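Containing mmCIF, C-alpha atoms and all ligand atoms: run-v4.cif.
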```cif
data_start
loop_
_atom_site.label_atom_id
_atom_site.label_comp_id
_atom_site.auth_asym_id
_atom_site.auth_seq_id
_atom_site.Cartn_x
_atom_site.Cartn_y
_atom_site.Cartn_z
CA MET M 1 6.95 16.80 34.99
CA LYS M 2 8.68 19.92 36.16
CA THR M 3 12.23 18.67 35.75
CA TYR M 4 13.63 21.31 33.38
CA ALA M 5 14.10 25.08 33.61
CA ARG M 6 13.48 25.96 29.96
CA THR M 7 13.90 29.37 28.34
CA ASP M 8 10.87 31.09 26.75
CA GLU M 9 12.12 31.33 23.16
CA VAL M 10 10.93 28.75 20.65
CA PHE M 11 13.54 27.50 18.19
CA VAL M 12 12.31 26.60 14.75
CA ASP M 13 15.32 26.29 12.46
CA GLY M 14 19.08 25.86 12.36
CA ARG M 15 22.11 25.77 10.10
CA GLY M 16 25.69 24.92 11.10
CA ALA M 17 26.43 26.55 14.46
CA VAL M 18 23.39 28.87 14.25
CA LEU M 19 19.91 28.36 15.73
CA ILE M 20 16.94 30.49 14.69
CA ASP M 21 13.90 31.26 16.86
CA ASN M 22 10.30 31.82 15.78
CA LEU M 23 10.91 35.58 15.59
CA GLY M 24 13.70 35.00 13.06
CA ARG M 25 16.48 35.88 15.52
CA GLU M 26 19.79 34.05 15.03
CA TYR M 27 21.75 32.65 17.97
CA LEU M 28 25.34 31.42 17.90
CA ASP M 29 25.21 27.90 19.26
CA PHE M 30 28.19 27.47 21.59
CA LEU M 31 26.46 24.62 23.44
CA ALA M 32 25.39 22.17 20.69
CA GLY M 33 22.53 20.80 22.81
CA ILE M 34 24.96 20.10 25.70
CA ALA M 35 27.96 18.84 23.71
CA VAL M 36 25.92 16.87 21.22
CA SER M 37 25.30 18.33 17.73
CA ALA M 38 28.79 17.73 16.33
CA LEU M 39 27.77 18.36 12.70
CA GLY M 40 25.78 21.44 13.64
CA HIS M 41 22.22 21.92 12.45
CA GLY M 42 20.67 21.24 9.04
CA HIS M 43 23.57 19.05 7.85
CA PRO M 44 22.62 18.07 4.26
CA GLU M 45 24.28 14.63 4.19
CA LEU M 46 22.76 13.71 7.55
CA ALA M 47 19.32 14.78 6.30
CA ALA M 48 19.73 12.78 3.06
CA ASN M 49 20.82 9.61 4.86
CA LEU M 50 18.04 9.80 7.41
CA ARG M 51 15.45 10.46 4.70
CA ASP M 52 16.72 7.44 2.77
CA GLN M 53 16.52 5.18 5.83
CA VAL M 54 13.06 6.43 6.89
CA GLY M 55 11.84 5.39 3.44
CA LYS M 56 13.13 1.84 4.06
CA PHE M 57 12.72 0.82 7.70
CA VAL M 58 13.20 2.82 10.86
CA HIS M 59 13.27 -0.01 13.37
CA LEU M 60 14.20 -3.66 13.31
CA SER M 61 15.11 -4.69 16.93
CA ASN M 62 18.27 -6.51 17.88
CA LEU M 63 16.84 -9.87 16.87
CA PHE M 64 17.82 -9.28 13.24
CA ARG M 65 20.80 -7.88 11.31
CA HIS M 66 20.98 -4.73 9.24
CA PRO M 67 24.14 -3.48 7.52
CA TYR M 68 24.91 -0.58 9.85
CA THR M 69 25.29 -1.73 13.50
CA GLU M 70 28.34 -3.88 12.86
CA GLN M 71 29.97 -1.20 10.71
CA VAL M 72 29.57 1.44 13.44
CA ALA M 73 30.81 -0.98 16.11
CA LEU M 74 33.91 -1.85 14.10
CA ARG M 75 34.76 1.75 13.30
CA MET M 76 34.27 2.92 16.88
CA CYS M 77 36.34 0.07 18.29
CA ARG M 78 39.10 0.86 15.78
CA LEU M 79 39.12 4.54 16.78
CA SER M 80 39.20 3.79 20.49
CA GLY M 81 41.36 0.65 20.70
CA MET M 82 38.49 -1.48 21.98
CA ALA M 83 37.28 -4.95 20.97
CA ALA M 84 33.48 -5.00 21.34
CA ALA M 85 30.55 -2.61 21.54
CA PHE M 86 27.14 -2.58 23.17
CA PHE M 87 24.90 0.19 21.84
CA THR M 88 22.46 2.15 23.98
CA ASN M 89 20.05 5.07 23.60
CA SER M 90 21.85 7.49 25.93
CA GLY M 91 24.95 8.12 27.96
CA THR M 92 23.25 7.01 31.16
CA GLU M 93 22.44 3.62 29.65
CA ALA M 94 26.03 3.27 28.44
CA MET M 95 27.09 3.78 32.07
CA GLU M 96 24.56 1.19 33.29
CA CYS M 97 26.04 -1.26 30.81
CA ALA M 98 29.58 -0.54 32.07
CA LEU M 99 28.55 -1.06 35.72
CA LYS M 100 26.77 -4.33 34.95
CA LEU M 101 29.77 -5.45 32.91
CA ALA M 102 32.07 -4.84 35.90
CA ARG M 103 29.79 -6.82 38.25
CA LYS M 104 29.51 -9.68 35.76
CA ALA M 105 33.27 -9.76 35.24
CA MET M 106 33.86 -10.08 38.99
CA TYR M 107 31.15 -12.74 39.24
CA LYS M 108 32.70 -14.76 36.42
CA ARG M 109 36.13 -14.41 37.99
CA GLY M 110 34.82 -15.96 41.20
CA THR M 111 35.03 -12.73 43.21
CA PRO M 112 31.36 -11.60 43.37
CA GLN M 113 32.09 -9.80 46.66
CA ARG M 114 33.94 -7.21 44.54
CA SER M 115 30.70 -5.38 43.79
CA SER M 116 31.41 -1.80 44.87
CA PHE M 117 32.57 1.11 42.74
CA VAL M 118 34.98 4.01 43.12
CA GLY M 119 34.21 7.42 41.66
CA LEU M 120 35.69 10.91 41.80
CA THR M 121 34.24 13.89 43.60
CA ALA M 122 32.43 16.23 41.19
CA GLY M 123 31.97 13.32 38.75
CA PHE M 124 28.75 13.10 36.73
CA HIS M 125 27.60 9.90 35.05
CA GLY M 126 23.82 10.14 34.64
CA ARG M 127 20.62 9.90 36.65
CA SER M 128 19.40 6.29 36.60
CA LEU M 129 19.86 4.50 39.91
CA GLY M 130 23.16 2.89 38.88
CA ALA M 131 24.65 5.89 37.08
CA LEU M 132 23.27 8.20 39.77
CA SER M 133 25.12 6.19 42.42
CA LEU M 134 28.36 7.39 40.80
CA THR M 135 27.20 10.97 40.26
CA HIS M 136 28.77 12.85 43.12
CA ASN M 137 26.53 15.92 43.50
CA GLU M 138 24.58 15.38 46.72
CA LYS M 139 21.65 17.43 45.39
CA TYR M 140 21.03 14.85 42.64
CA ARG M 141 21.47 11.79 44.89
CA LYS M 142 20.03 12.59 48.28
CA PRO M 143 16.29 12.00 47.70
CA PHE M 144 16.84 8.77 45.79
CA GLY M 145 18.64 6.44 48.15
CA PRO M 146 19.54 3.78 48.87
CA LEU M 147 21.97 3.71 45.98
CA GLN M 148 24.94 1.47 45.14
CA ASP M 149 28.05 1.21 47.31
CA VAL M 150 30.42 3.90 46.01
CA THR M 151 33.57 5.31 47.55
CA TRP M 152 34.53 8.83 46.52
CA ILE M 153 38.06 10.06 46.20
CA GLU M 154 39.38 13.50 45.24
CA PRO M 155 40.82 13.80 41.72
CA GLU M 156 44.62 14.00 41.72
CA ASP M 157 44.97 12.42 45.17
CA PHE M 158 47.36 9.63 44.19
CA ASP M 159 47.57 8.17 47.71
CA ALA M 160 43.79 7.95 48.07
CA LEU M 161 43.62 6.20 44.69
CA GLU M 162 46.15 3.57 45.71
CA GLN M 163 44.58 3.06 49.14
CA VAL M 164 41.03 2.64 47.89
CA LEU M 165 41.91 0.27 45.06
CA THR M 166 44.08 -1.97 47.21
CA LYS M 167 42.00 -1.92 50.40
CA LYS M 168 38.45 -1.73 49.06
CA GLN M 169 38.95 -4.06 46.06
CA PRO M 170 36.08 -2.53 44.04
CA ALA M 171 34.62 -3.92 40.83
CA ALA M 172 35.44 -0.76 38.89
CA LEU M 173 37.00 2.68 39.02
CA VAL M 174 34.89 5.15 37.03
CA ILE M 175 36.42 8.44 35.90
CA GLU M 176 35.85 11.22 33.37
CA PRO M 177 39.21 12.19 31.83
CA ILE M 178 37.74 15.71 31.65
CA GLN M 179 34.93 16.30 34.12
CA GLY M 180 32.11 18.04 32.26
CA GLU M 181 29.36 18.82 34.76
CA GLY M 182 32.14 19.13 37.34
CA GLY M 183 33.28 22.35 35.66
CA ILE M 184 35.42 21.27 32.64
CA ARG M 185 38.16 19.93 34.92
CA GLU M 186 40.86 17.98 33.15
CA LEU M 187 42.62 15.16 35.02
CA SER M 188 46.40 15.26 34.73
CA HIS M 189 48.06 12.77 32.42
CA ASP M 190 50.05 11.44 35.38
CA TYR M 191 46.82 10.75 37.27
CA LEU M 192 45.25 8.95 34.28
CA ARG M 193 48.40 6.83 33.94
CA ALA M 194 48.50 6.04 37.67
CA ALA M 195 44.83 5.00 37.57
CA ARG M 196 45.60 2.70 34.62
CA GLU M 197 48.56 1.09 36.38
CA LEU M 198 46.77 0.62 39.69
CA CYS M 199 43.66 -0.85 38.06
CA THR M 200 45.81 -3.38 36.21
CA LYS M 201 47.70 -4.23 39.41
CA THR M 202 44.53 -4.70 41.50
CA GLY M 203 42.35 -6.33 38.82
CA THR M 204 39.90 -3.43 38.94
CA MET M 205 37.98 -2.64 35.75
CA LEU M 206 38.93 0.87 34.59
CA VAL M 207 35.97 2.72 33.07
CA HIS M 208 36.50 6.02 31.28
CA ASP M 209 33.30 7.97 30.92
CA GLU M 210 33.99 9.90 27.70
CA ILE M 211 30.34 10.64 27.06
CA GLN M 212 31.11 14.34 27.00
CA SER M 213 34.85 14.43 26.25
CA GLY M 214 34.93 11.66 23.63
CA CYS M 215 34.12 11.19 19.93
CA GLY M 216 36.62 13.90 18.97
CA ARG M 217 35.52 16.83 21.14
CA THR M 218 39.08 17.45 22.33
CA GLY M 219 40.58 17.13 18.83
CA ILE M 220 41.37 13.41 18.94
CA PHE M 221 38.84 10.59 19.29
CA LEU M 222 39.21 10.08 23.05
CA ALA M 223 40.43 12.64 25.57
CA ALA M 224 42.53 9.98 27.36
CA GLN M 225 44.46 9.38 24.12
CA HIS M 226 46.23 12.70 24.80
CA ALA M 227 47.76 10.89 27.79
CA GLY M 228 48.35 7.66 25.86
CA VAL M 229 46.05 5.78 28.25
CA THR M 230 43.57 3.09 27.19
CA PRO M 231 40.92 2.02 29.72
CA ASP M 232 39.25 -1.39 29.93
CA VAL M 233 35.89 0.11 29.09
CA VAL M 234 34.91 3.44 27.57
CA THR M 235 31.43 4.93 27.43
CA LEU M 236 30.41 7.28 24.63
CA ALA M 237 27.22 9.10 23.65
CA LYS M 238 26.41 12.77 22.95
CA PRO M 239 27.99 13.51 19.49
CA ILE M 240 28.11 9.87 18.39
CA ALA M 241 25.06 10.09 16.09
CA ALA M 242 25.18 13.82 15.34
CA GLY M 243 22.18 14.59 17.56
CA LEU M 244 20.17 11.38 17.43
CA PRO M 245 19.94 9.46 20.72
CA MET M 246 22.75 6.93 20.81
CA GLY M 247 25.32 5.74 23.30
CA ALA M 248 27.91 3.00 23.40
CA CYS M 249 29.76 0.94 25.97
CA LEU M 250 33.00 -0.30 24.39
CA ALA M 251 35.15 -2.96 26.07
CA ASN M 252 38.70 -4.18 25.44
CA ALA M 253 39.55 -7.79 24.61
CA ALA M 254 39.79 -8.77 28.30
CA TYR M 255 36.16 -7.75 28.94
CA ALA M 256 34.62 -8.18 25.46
CA GLU M 257 33.29 -11.69 26.21
CA THR M 258 32.01 -10.95 29.73
CA PHE M 259 28.31 -10.80 28.89
CA ASP M 260 26.61 -13.97 27.76
CA LYS M 261 23.49 -14.03 25.59
CA GLY M 262 20.56 -12.45 27.43
CA ASP M 263 22.71 -10.68 30.06
CA HIS M 264 21.84 -7.24 28.74
CA GLY M 265 19.63 -5.76 26.06
CA SER M 266 17.68 -2.85 24.59
CA THR M 267 14.77 -2.79 22.16
CA PHE M 268 15.70 0.37 20.29
CA ALA M 269 19.48 0.62 20.70
CA GLY M 270 21.74 0.37 17.66
CA GLY M 271 18.78 0.78 15.33
CA PRO M 272 19.23 1.59 11.64
CA LEU M 273 18.37 5.29 11.90
CA VAL M 274 20.87 6.17 14.63
CA CYS M 275 23.52 3.99 13.00
CA ARG M 276 23.07 5.77 9.64
CA ALA M 277 23.58 9.05 11.52
CA ALA M 278 26.68 7.67 13.26
CA ILE M 279 28.11 6.63 9.88
CA VAL M 280 27.65 10.18 8.55
CA PHE M 281 29.48 11.44 11.66
CA LEU M 282 32.29 8.87 11.34
CA ASP M 283 32.68 9.65 7.62
CA GLU M 284 33.16 13.33 8.52
CA VAL M 285 35.75 12.28 11.13
CA ASP M 286 37.57 10.27 8.42
CA ARG M 287 37.47 13.32 6.14
CA GLY M 288 39.32 15.40 8.78
CA LEU M 289 36.55 16.96 10.92
CA LEU M 290 38.77 16.75 14.00
CA ASN M 291 41.33 19.08 12.39
CA ASN M 292 38.64 21.75 12.59
CA VAL M 293 38.09 20.88 16.26
CA GLN M 294 41.82 21.37 16.90
CA VAL M 295 42.19 24.63 14.97
CA ARG M 296 38.94 26.22 16.17
CA GLY M 297 39.69 24.99 19.69
CA GLN M 298 43.04 26.80 19.66
CA GLN M 299 41.42 29.94 18.27
CA LEU M 300 38.68 29.87 20.89
CA ARG M 301 41.09 29.21 23.75
CA ALA M 302 43.38 32.06 22.66
CA GLY M 303 40.37 34.39 22.52
CA LEU M 304 39.12 33.27 25.94
CA GLU M 305 42.59 33.71 27.42
CA ALA M 306 42.68 37.26 26.03
CA LEU M 307 39.32 37.90 27.75
CA ALA M 308 40.73 36.45 30.98
CA ARG M 309 43.66 38.87 30.79
CA GLU M 310 41.39 41.83 30.07
CA PHE M 311 38.61 41.19 32.62
CA PRO M 312 39.48 40.53 36.27
CA ILE M 313 36.13 38.77 36.81
CA VAL M 314 37.44 35.85 34.69
CA ARG M 315 39.40 33.50 36.85
CA GLU M 316 40.58 30.75 34.52
CA VAL M 317 40.19 29.13 31.09
CA ARG M 318 39.80 25.36 31.26
CA GLY M 319 39.58 22.38 28.94
CA ARG M 320 40.81 21.23 25.56
CA GLY M 321 39.77 21.35 21.91
CA LEU M 322 36.11 22.38 21.74
CA MET M 323 35.42 21.42 25.35
CA LEU M 324 36.24 24.67 27.11
CA GLY M 325 35.20 26.42 30.29
CA LEU M 326 35.46 30.02 31.38
CA ARG M 327 35.63 30.08 35.16
CA LEU M 328 34.57 33.28 36.89
CA HIS M 329 35.23 34.59 40.37
CA HIS M 330 31.55 34.17 41.22
CA SER M 331 28.37 32.55 39.92
CA ALA M 332 28.37 32.29 36.12
CA ALA M 333 24.55 32.28 35.88
CA GLU M 334 24.23 36.01 35.35
CA PHE M 335 26.91 36.02 32.63
CA GLN M 336 25.29 33.04 30.92
CA LYS M 337 21.89 34.80 30.86
CA ALA M 338 23.43 38.01 29.51
CA LEU M 339 25.23 36.01 26.80
CA TYR M 340 21.95 34.41 25.82
CA LYS M 341 20.34 37.86 25.54
CA ASN M 342 23.27 38.75 23.29
CA PHE M 343 22.43 35.71 21.15
CA VAL M 344 25.18 33.34 22.28
CA ILE M 345 23.99 30.02 23.68
CA THR M 346 26.17 28.49 26.44
CA ASN M 347 25.40 27.01 29.83
CA CYS M 348 26.69 27.09 33.33
CA THR M 349 28.35 24.15 35.11
CA ALA M 350 29.63 23.71 38.66
CA GLY M 351 28.17 27.10 39.54
CA ASP M 352 31.02 29.32 38.37
CA VAL M 353 31.96 27.96 34.93
CA ILE M 354 30.56 28.90 31.52
CA ARG M 355 30.62 25.73 29.41
CA ILE M 356 31.57 26.22 25.75
CA VAL M 357 31.07 23.08 23.66
CA PRO M 358 30.09 24.20 20.13
CA PRO M 359 29.46 22.00 17.07
CA PHE M 360 32.67 20.56 15.56
CA VAL M 361 31.85 22.39 12.29
CA ILE M 362 31.97 25.89 13.81
CA THR M 363 33.73 28.38 11.53
CA GLU M 364 36.55 30.85 12.16
CA ALA M 365 34.16 33.79 11.71
CA GLN M 366 31.64 32.30 14.16
CA VAL M 367 34.32 31.80 16.82
CA ASN M 368 35.41 35.45 16.40
CA GLU M 369 31.80 36.64 16.52
CA GLY M 370 31.08 34.62 19.68
CA LEU M 371 34.19 36.00 21.38
CA SER M 372 33.27 39.55 20.48
CA ARG M 373 29.73 39.07 21.84
CA MET M 374 31.23 37.69 25.04
CA ARG M 375 33.41 40.78 25.32
CA GLU M 376 30.36 43.02 24.81
CA VAL M 377 28.77 41.36 27.83
CA LEU M 378 31.91 41.35 29.98
CA VAL M 379 32.41 45.12 29.65
CA THR M 380 28.98 45.64 31.23
CA MET M 381 29.70 43.43 34.26
CA PRO M 382 31.12 44.51 37.63
CA GLN M 383 34.68 43.20 37.79
CA GLU M 384 34.62 41.56 41.21
CA THR M 385 37.67 39.47 41.88
CA ALA M 386 37.06 38.26 45.42
CA THR M 387 36.11 34.61 45.03
CA LYS M 388 32.77 33.89 46.63
CA ASP M 389 32.36 30.85 48.77
CA ARG M 390 31.25 27.68 46.95
CA LYS M 391 27.91 27.53 48.80
CA GLU M 392 27.00 30.99 47.58
CA ILE M 393 27.99 30.09 44.01
CA HIS M 394 25.79 26.98 44.00
CA SER M 395 22.72 28.60 45.52
C1 LIG J 401 30.19 12.60 31.52
C2 LIG J 401 28.73 12.27 31.37
N1 LIG J 401 28.30 11.02 31.64
C3 LIG J 401 27.02 10.66 31.51
C4 LIG J 401 26.06 11.56 31.09
C5 LIG J 401 24.64 11.13 30.93
O1 LIG J 401 24.34 11.06 29.57
P1 LIG J 401 22.81 11.15 29.04
O2 LIG J 401 22.28 12.48 29.46
O3 LIG J 401 22.94 10.98 27.54
O4 LIG J 401 22.06 10.03 29.64
C6 LIG J 401 26.45 12.87 30.80
C7 LIG J 401 25.45 13.86 30.39
O5 LIG J 401 25.62 15.06 30.50
C8 LIG J 401 27.82 13.24 30.94
O6 LIG J 401 28.24 14.47 30.67
#
```
Could you express the structure from this file as structure tokens?
Ligand SMILES: Cc1ncc(COP(=O)(O)O)c(C=O)c1O
Amino acid sequence: MKTYARTDEVFVDGRGAVLIDNLGREYLDFLAGIAVSALGHGHPELAANLRDQVGKFVHLSNLFRHPYTEQVALRMCRLSGMAAAFFTNSGTEAMECALKLARKAMYKRGTPQRSSFVGLTAGFHGRSLGALSLTHNEKYRKPFGPLQDVTWIEPEDFDALEQVLTKKQPAALVIEPIQGEGGIRELSHDYLRAARELCTKTGTMLVHDEIQSGCGRTGIFLAAQHAGVTPDVVTLAKPIAAGLPMGACLANAAYAETFDKGDHGSTFAGGPLVCRAAIVFLDEVDRGLLNNVQVRGQQLRAGLEALAREFPIVREVRGRGLMLGLRLHHSAAEFQKALYKNFVITNCTAGDVIRIVPPFVITEAQVNEGLSRMREVLVTMPQETATKDRKEIHS
């Protein structure tokens, strides 16, 4: 089906933060398959572990035990302060699990009328009917109604937050601590703390969607940990299994026992292959991988800020760690295409933002090279500073 706008080049190989096409041309990968390939490409230990597992069994189903699911669950819960995990095959499915968990919790509590959800404008949570209900962009939702009952509030509007949670009494508040598709927009620590307090006060389940910002992308395991905030439920995916399809819905002790046997399930999820990959990723985290995220993130941000000072077309640098955005004064599509022609892979979010989410293993030299290629492109661009209207940017 014609759902994707793919580029023409065919990629055939990769190593670290470099991808190689069938003509032998090397591209700096500043996108990591949309914030996924944390260990880069061609990681030897990942390859060895997957090869070993493929030689044993690839699939088992969740009817039987293998040594890896419980290990990954325990380690992820420890890193995120949660008590139980449900594994999925994608971020979207992790969101579905969180939404069902909220409904079930309200049902068990004797308040099944608390079935609605609250989300933030510009939020993105996936494209299945449940996750899509909370994805704000009208373009994604409009043809697919009717969807679930969701109330939208603007990020950072503290009054709206209090009003909606007290008056509407939803099942859950769903927020991304750093909005990814929304343009790498970080919520303030005060807002995250207020959301935590108000959810506790009103008995609303607080869901942090850290599918893009989590698993160490901002330099610590969860982005909300920078604010010292722990949600009731956190959803993870993208880098979790170093590129293999895996997601997780983690719940704290208050919600860990909400599902009863048979309430939710998945044939493939938490299988041995993805769990072996997740263990390789978690081992790298234990060995200090996130120090590289912090150091390279600072280097990249400093370089982007220097570009913002030099080129008037650059409006703002956003984000944290290796989840960064370069916001322009107009559509970023042209810049993104020119970067790609200059062998730097990025993508464009929210119309005017270049998203930079490289592998966690990116090197100092690769960061410098990427920045210098960005500069090469910026010097060729007209330096318009008048901000175009949002409609024009999105079209
Ligand atoms: C914050 C967030 N939530 C959910 C999703 C959906 O995840 P997936 O594409 O793995 O289903 C994404 C994907 O981009 C995301 O960034």
Requested in this report: Measuring atom to atom with all atoms listed in the file, identify which of M:Ser115, M:Gln212, M:Thr267, M:Thr204 is nearest to Ile356 (chain M).
Outcome: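 Using all atoms listed in the file, Ile356 (chain M) sits closest to M:Gln212.
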Can you tell me, as lines of an AutoDock Vina configuration file, the centre and edge lengths (Å, one decimal) of the axis-aligned box enclosing all of ligand LIG 401 (chain J)'s listed atoms after padding each side by 8 Å?
```
center_x = 26.1
center_y = 12.5
center_z = 29.6
size_x = 24.1
size_y = 21.0
size_z = 20.1
```
Report summary line: In Å and to one decimal, CA of Leu50 (chain M) is distant from CA of Pro67 (chain M) by 14.6 Å
Each residue of chain M lying at most 10 Å from ligand LIG 401 (chain J) should get a row with its shortest atom-to-atom pair and the distance in Å to one decimal, counting all atoms listed in the file; could you produce that, ordered by chain and increasing number, as JSON lines?
```
{"residue": "M:Ile34", "atom": "CA", "partner": "J:LIG401", "partner_atom": "O5", "distance": 7.0}
{"residue": "M:Ala35", "atom": "CA", "partner": "J:LIG401", "partner_atom": "O5", "distance": 8.1}
{"residue": "M:Val36", "atom": "CA", "partner": "J:LIG401", "partner_atom": "O3", "distance": 9.1}
{"residue": "M:Thr88", "atom": "CA", "partner": "J:LIG401", "partner_atom": "O3", "distance": 9.5}
{"residue": "M:Asn89", "atom": "CA", "partner": "J:LIG401", "partner_atom": "O3", "distance": 7.7}
{"residue": "M:Ser90", "atom": "CA", "partner": "J:LIG401", "partner_atom": "O3", "distance": 4.0}
{"residue": "M:Gly91", "atom": "CA", "partner": "J:LIG401", "partner_atom": "O1", "distance": 3.4}
{"residue": "M:Thr92", "atom": "CA", "partner": "J:LIG401", "partner_atom": "O4", "distance": 3.6}
{"residue": "M:Glu93", "atom": "CA", "partner": "J:LIG401", "partner_atom": "O4", "distance": 6.4}
{"residue": "M:Ala94", "atom": "CA", "partner": "J:LIG401", "partner_atom": "O4", "distance": 7.9}
{"residue": "M:Met95", "atom": "CA", "partner": "J:LIG401", "partner_atom": "C3", "distance": 6.9}
{"residue": "M:Glu96", "atom": "CA", "partner": "J:LIG401", "partner_atom": "O4", "distance": 9.9}
{"residue": "M:Gly123", "atom": "CA", "partner": "J:LIG401", "partner_atom": "C1", "distance": 7.5}
{"residue": "M:Phe124", "atom": "CA", "partner": "J:LIG401", "partner_atom": "C2", "distance": 5.4}
{"residue": "M:His125", "atom": "CA", "partner": "J:LIG401", "partner_atom": "N1", "distance": 3.7}
{"residue": "M:Gly126", "atom": "CA", "partner": "J:LIG401", "partner_atom": "C5", "distance": 3.9}
{"residue": "M:Arg127", "atom": "CA", "partner": "J:LIG401", "partner_atom": "C5", "distance": 7.1}
{"residue": "M:Ser128", "atom": "CA", "partner": "J:LIG401", "partner_atom": "O4", "distance": 8.3}
{"residue": "M:Ala131", "atom": "CA", "partner": "J:LIG401", "partner_atom": "C3", "distance": 7.7}
{"residue": "M:Leu132", "atom": "CA", "partner": "J:LIG401", "partner_atom": "C3", "distance": 9.4}
{"residue": "M:Leu134", "atom": "CA", "partner": "J:LIG401", "partner_atom": "N1", "distance": 9.9}
{"residue": "M:Thr135", "atom": "CA", "partner": "J:LIG401", "partner_atom": "N1", "distance": 8.7}
{"residue": "M:Ile175", "atom": "CA", "partner": "J:LIG401", "partner_atom": "C1", "distance": 8.7}
{"residue": "M:Glu176", "atom": "CA", "partner": "J:LIG401", "partner_atom": "C1", "distance": 6.1}
{"residue": "M:Pro177", "atom": "CA", "partner": "J:LIG401", "partner_atom": "C1", "distance": 9.0}
{"residue": "M:Ile178", "atom": "CA", "partner": "J:LIG401", "partner_atom": "C1", "distance": 8.2}
{"residue": "M:Gln179", "atom": "CA", "partner": "J:LIG401", "partner_atom": "C1", "distance": 6.6}
{"residue": "M:Gly180", "atom": "CA", "partner": "J:LIG401", "partner_atom": "O6", "distance": 5.5}
{"residue": "M:Glu181", "atom": "CA", "partner": "J:LIG401", "partner_atom": "O6", "distance": 6.1}
{"residue": "M:Gly182", "atom": "CA", "partner": "J:LIG401", "partner_atom": "C1", "distance": 9.0}
{"residue": "M:His208", "atom": "CA", "partner": "J:LIG401", "partner_atom": "C1", "distance": 9.1}
{"residue": "M:Asp209", "atom": "CA", "partner": "J:LIG401", "partner_atom": "C1", "distance": 5.6}
{"residue": "M:Glu210", "atom": "CA", "partner": "J:LIG401", "partner_atom": "C1", "distance": 6.0}
{"residue": "M:Ile211", "atom": "CA", "partner": "J:LIG401", "partner_atom": "C1", "distance": 4.9}
{"residue": "M:Gln212", "atom": "CA", "partner": "J:LIG401", "partner_atom": "O6", "distance": 4.7}
{"residue": "M:Ser213", "atom": "CA", "partner": "J:LIG401", "partner_atom": "C1", "distance": 7.3}
{"residue": "M:Gly214", "atom": "CA", "partner": "J:LIG401", "partner_atom": "C1", "distance": 9.3}
{"residue": "M:Thr235", "atom": "CA", "partner": "J:LIG401", "partner_atom": "N1", "distance": 8.0}
{"residue": "M:Leu236", "atom": "CA", "partner": "J:LIG401", "partner_atom": "N1", "distance": 8.2}
{"residue": "M:Ala237", "atom": "CA", "partner": "J:LIG401", "partner_atom": "O3", "distance": 6.1}
{"residue": "M:Lys238", "atom": "CA", "partner": "J:LIG401", "partner_atom": "O3", "distance": 6.0}
{"residue": "M:Pro239", "atom": "CA", "partner": "J:LIG401", "partner_atom": "O3", "distance": 9.8}
{"residue": "M:Pro245", "atom": "CA", "partner": "J:LIG401", "partner_atom": "O3", "distance": 7.6}
{"residue": "M:Met246", "atom": "CA", "partner": "J:LIG401", "partner_atom": "O3", "distance": 7.9}
{"residue": "M:Gly247", "atom": "CA", "partner": "J:LIG401", "partner_atom": "O3", "distance": 7.1}
```
**Report entry** Near-region 287-304 of chain M list (8 Å; only C-alpha atoms; drop same-chain fewer than 2 positions) as a PyMOL selection string
**Finding:** chain M and resi 216-220+283-285+306-308+317+320-324+326+360-364+367-368+371
**Report entry** Contacts of Lys100 (chain M) at 12 Å (all atoms listed in the file; same-chain gap of 2+ positions) as a ChimeraX atom specification
**Finding:** /M:86,93-98,102-107,115-117,130-131,148,171-172,205,207,233,249,255,258-259,263-265
Query raised in the report: Which neighbours of Gly16 (chain M) fall inside 12 Å, counting all atoms listed in the file, when residues of the same chain fewer than 3 positions from it are skipped, and could you give them as a list in words?
Result: Asp13, Leu19, Ile20, Glu26, Tyr27, Leu28, Asp29, Phe30, Ala32, Ser37, Ala38, Leu39, Gly40, His41, Gly42, His43, Pro44, Ala242, Pro358, Pro359, Phe360, Val361, Ile362, Thr363 and Gln366 of chain M
File dump, residues just selected, C-alpha atoms, as a short mmCIF file (atom, residue, chain, number, x, y, z; two decimals), in the frame of the given file:
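File written: again-v1.cif
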```
data_model
loop_
_atom_site.label_atom_id
_atom_site.label_comp_id
_atom_site.auth_asym_id
_atom_site.auth_seq_id
_atom_site.Cartn_x
_atom_site.Cartn_y
_atom_site.Cartn_z
CA ASP M 13 15.32 26.29 12.46
CA LEU M 19 19.91 28.36 15.73
CA ILE M 20 16.94 30.49 14.69
CA GLU M 26 19.79 34.05 15.03
CA TYR M 27 21.75 32.65 17.97
CA LEU M 28 25.34 31.42 17.90
CA ASP M 29 25.21 27.90 19.26
CA PHE M 30 28.19 27.47 21.59
CA ALA M 32 25.39 22.17 20.69
CA SER M 37 25.30 18.33 17.73
CA ALA M 38 28.79 17.73 16.33
CA LEU M 39 27.77 18.36 12.70
CA GLY M 40 25.78 21.44 13.64
CA HIS M 41 22.22 21.92 12.45
CA GLY M 42 20.67 21.24 9.04
CA HIS M 43 23.57 19.05 7.85
CA PRO M 44 22.62 18.07 4.26
CA ALA M 242 25.18 13.82 15.34
CA PRO M 358 30.09 24.20 20.13
CA PRO M 359 29.46 22.00 17.07
CA PHE M 360 32.67 20.56 15.56
CA VAL M 361 31.85 22.39 12.29
CA ILE M 362 31.97 25.89 13.81
CA THR M 363 33.73 28.38 11.53
CA GLN M 366 31.64 32.30 14.16
#
```
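Each of M:Leu173, M:Trp152, M:Val12, M:Met1 was checked against Glu138 (chain M) using all atoms listed in the file; the smallest atom-to-atom distance is that of M:Trp152.
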Requested in this report: Between CA of Ile240 (chain M) and CA of Glu257 (chain M), measure the distance and give it in Å to one decimal.
Outcome: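 CA of Glu257 (chain M) lies at a distance of 23.5 Å from CA of Ile240 (chain M).
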